[in-house]
Amino acid sequence: MKKKIIVIHGPNINLIGVRETGIYGKESFQSINEQISAKAAELGLDCSIYQSNHEGDLIDTIQQAREQFDGVIINAGAYTHYSYAIRDAIAAIKIPCVEVHCSNIHAREEFRHNSVIAPVCVGQIAGFGKYSYILALHAIKELI
């Protein structure tokens, strides 16, 4: 039976390819999601993808993941830096969660250097653009 994972994109991730192209590139959000899905299938993973700009929706999706999925890959966007509610939701589900960022958050503005979700994730991958997701797929496959 295939292991099931969910990739969760937080606020403004849906604008990749449009916003701050010098940081995030010009490739579309849809194209990146298609590549995530293709790589997941290649790795033998059943992958769902979800995006929301709303903190409560992200929390609901994380909480539901504990009953539906074997692992989570999350790019919480700006919520990474201050959402203790998302942090607590990740801690509560007790399935592996990999934190992902397209940009190197540690090389950007100082407020982005801190991740409140990192301590409850099994690891963090940042700075490799869309390949951060691909690396996370390889990692989560080994963890579930």
# chains A, B, ... in the order shown; residues from 1 in each chain; ligands from 1

call {"tool": "residues_around", "arguments": {"residues": "segment 76-86 of chain A", "least_positions_apart": "5", "cutoff": "9 Å", "atoms": "only C-alpha atoms", "output": "list in words"}}
result
Ile8, His9, Gly10, Pro11, Asn12, Ile13, Glu55, Gly56, Leu58, Ile59, Ile62, Ala91, Glu99, Val100, His101, Phe111, Arg112, His113, Asn114, Ser115, Val116, Ile117 and Ala118 of chain A

call {"tool": "select_by_dssp", "arguments": {"residues": "chain A", "states": "strand (DSSP E)", "output": "ChimeraX atom specification"}}
result
/A:3-9,45-51,71-75,97-101,123-126

call {"tool": "select_by_dssp", "arguments": {"residues": "segment 4-135 of chain A", "states": "alpha helix (DSSP H)", "output": "ChimeraX atom specification"}}
result
/A:21-24,29-42,55-68,84-93,131-135

call {"tool": "closest_residue", "arguments": {"among": "A:Met1, A:Ile36, A:Ala89, A:Leu15", "to": "Tyr133 of chain A", "atoms": "only C-alpha atoms"}}
result
A:Ile36

call {"tool": "residues_around", "arguments": {"residues": "Gly25 of chain A", "least_positions_apart": "5", "cutoff": "9 Å", "atoms": "only C-alpha atoms", "output": "list in words"}}
result
Ile16, Gly17, Val18, Arg19, Glu20 and Gly129 of chain A

call {"tool": "write_last_selection", "arguments": {"atoms": "all heavy atoms", "output": "tab-separated table (two decimals), in the first residue's frame"}}
result
chain	number	residue	atom	x	y	z
A	16	ILE	N	3.71	32.24	-6.18
A	16	ILE	CA	5.05	31.95	-6.71
A	16	ILE	C	4.97	32.06	-8.23
A	16	ILE	O	4.02	31.61	-8.86
A	16	ILE	CB	5.53	30.55	-6.27
A	16	ILE	CG1	5.95	30.60	-4.80
A	16	ILE	CG2	6.67	30.04	-7.15
A	16	ILE	CD1	6.47	29.30	-4.25
A	17	GLY	N	5.99	32.66	-8.81
A	17	GLY	CA	6.01	32.91	-10.25
A	17	GLY	C	5.55	34.31	-10.59
A	17	GLY	O	5.80	34.81	-11.68
A	18	VAL	N	4.87	34.94	-9.62
A	18	VAL	CA	4.35	36.30	-9.80
A	18	VAL	C	5.00	37.25	-8.82
A	18	VAL	O	5.46	38.33	-9.18
A	18	VAL	CB	2.81	36.33	-9.62
A	18	VAL	CG1	2.27	37.74	-9.72
A	18	VAL	CG2	2.12	35.40	-10.61
A	19	ARG	N	5.08	36.85	-7.55
A	19	ARG	CA	5.60	37.74	-6.51
A	19	ARG	C	7.11	37.57	-6.34
A	19	ARG	O	7.63	36.46	-6.42
A	19	ARG	CB	4.89	37.49	-5.18
A	19	ARG	CG	5.32	36.22	-4.45
A	19	ARG	CD	4.55	36.02	-3.15
A	19	ARG	NE	5.28	36.43	-2.00
A	19	ARG	CZ	5.76	35.59	-1.08
A	19	ARG	NH1	5.59	34.30	-1.18
A	19	ARG	NH2	6.42	36.05	-0.05
A	20	GLU	N	7.78	38.64	-6.13
A	20	GLU	CA	9.21	38.65	-5.83
A	20	GLU	C	9.98	37.60	-6.65
A	20	GLU	O	10.64	36.72	-6.11
A	20	GLU	CB	9.44	38.44	-4.34
A	20	GLU	CG	8.82	39.52	-3.47
A	20	GLU	CD	8.99	39.25	-1.99
A	20	GLU	OE1	8.18	38.47	-1.44
A	20	GLU	OE2	9.93	39.83	-1.40
A	129	GLY	N	14.88	26.57	-3.82
A	129	GLY	CA	13.77	26.84	-4.73
A	129	GLY	C	12.79	25.68	-4.72
A	129	GLY	O	12.56	25.05	-3.69

call {"tool": "residues_around", "arguments": {"residues": "Phe69 of chain A", "least_positions_apart": "6", "cutoff": "8 Å", "atoms": "only C-alpha atoms", "output": "ChimeraX atom specification"}}
result
/A:3-6

call {"tool": "write_last_selection", "arguments": {"atoms": "N, CA, C and O atoms", "output": "PDB file, in the first residue's frame"}}
result
ATOM      1  N   LYS A   3       2.267   4.851   0.716  1.00  0.00           N
ATOM      2  CA  LYS A   3       2.231   5.801   1.830  1.00  0.00           C
ATOM      3  C   LYS A   3       1.630   7.104   1.316  1.00  0.00           C
ATOM      4  O   LYS A   3       1.896   7.533   0.186  1.00  0.00           O
ATOM      5  N   LYS A   4       0.832   7.744   2.166  1.00  0.00           N
ATOM      6  CA  LYS A   4       0.151   8.975   1.782  1.00  0.00           C
ATOM      7  C   LYS A   4       0.783  10.170   2.482  1.00  0.00           C
ATOM      8  O   LYS A   4       1.004  10.145   3.689  1.00  0.00           O
ATOM      9  N   ILE A   5       1.054  11.192   1.694  1.00  0.00           N
ATOM     10  CA  ILE A   5       1.588  12.438   2.248  1.00  0.00           C
ATOM     11  C   ILE A   5       0.742  13.604   1.761  1.00  0.00           C
ATOM     12  O   ILE A   5       0.032  13.493   0.761  1.00  0.00           O
ATOM     13  N   ILE A   6       0.867  14.696   2.482  1.00  0.00           N
ATOM     14  CA  ILE A   6       0.239  15.938   2.049  1.00  0.00           C
ATOM     15  C   ILE A   6       1.296  17.037   2.051  1.00  0.00           C
ATOM     16  O   ILE A   6       2.107  17.127   2.976  1.00  0.00           O
TER      17      ILE A   6
END

call {"tool": "closest_residue", "arguments": {"among": "A:Phe29, A:Leu43, A:Ala92, A:Gln51", "to": "Gln63 of chain A", "atoms": "only C-alpha atoms"}}
result
A:Ala92
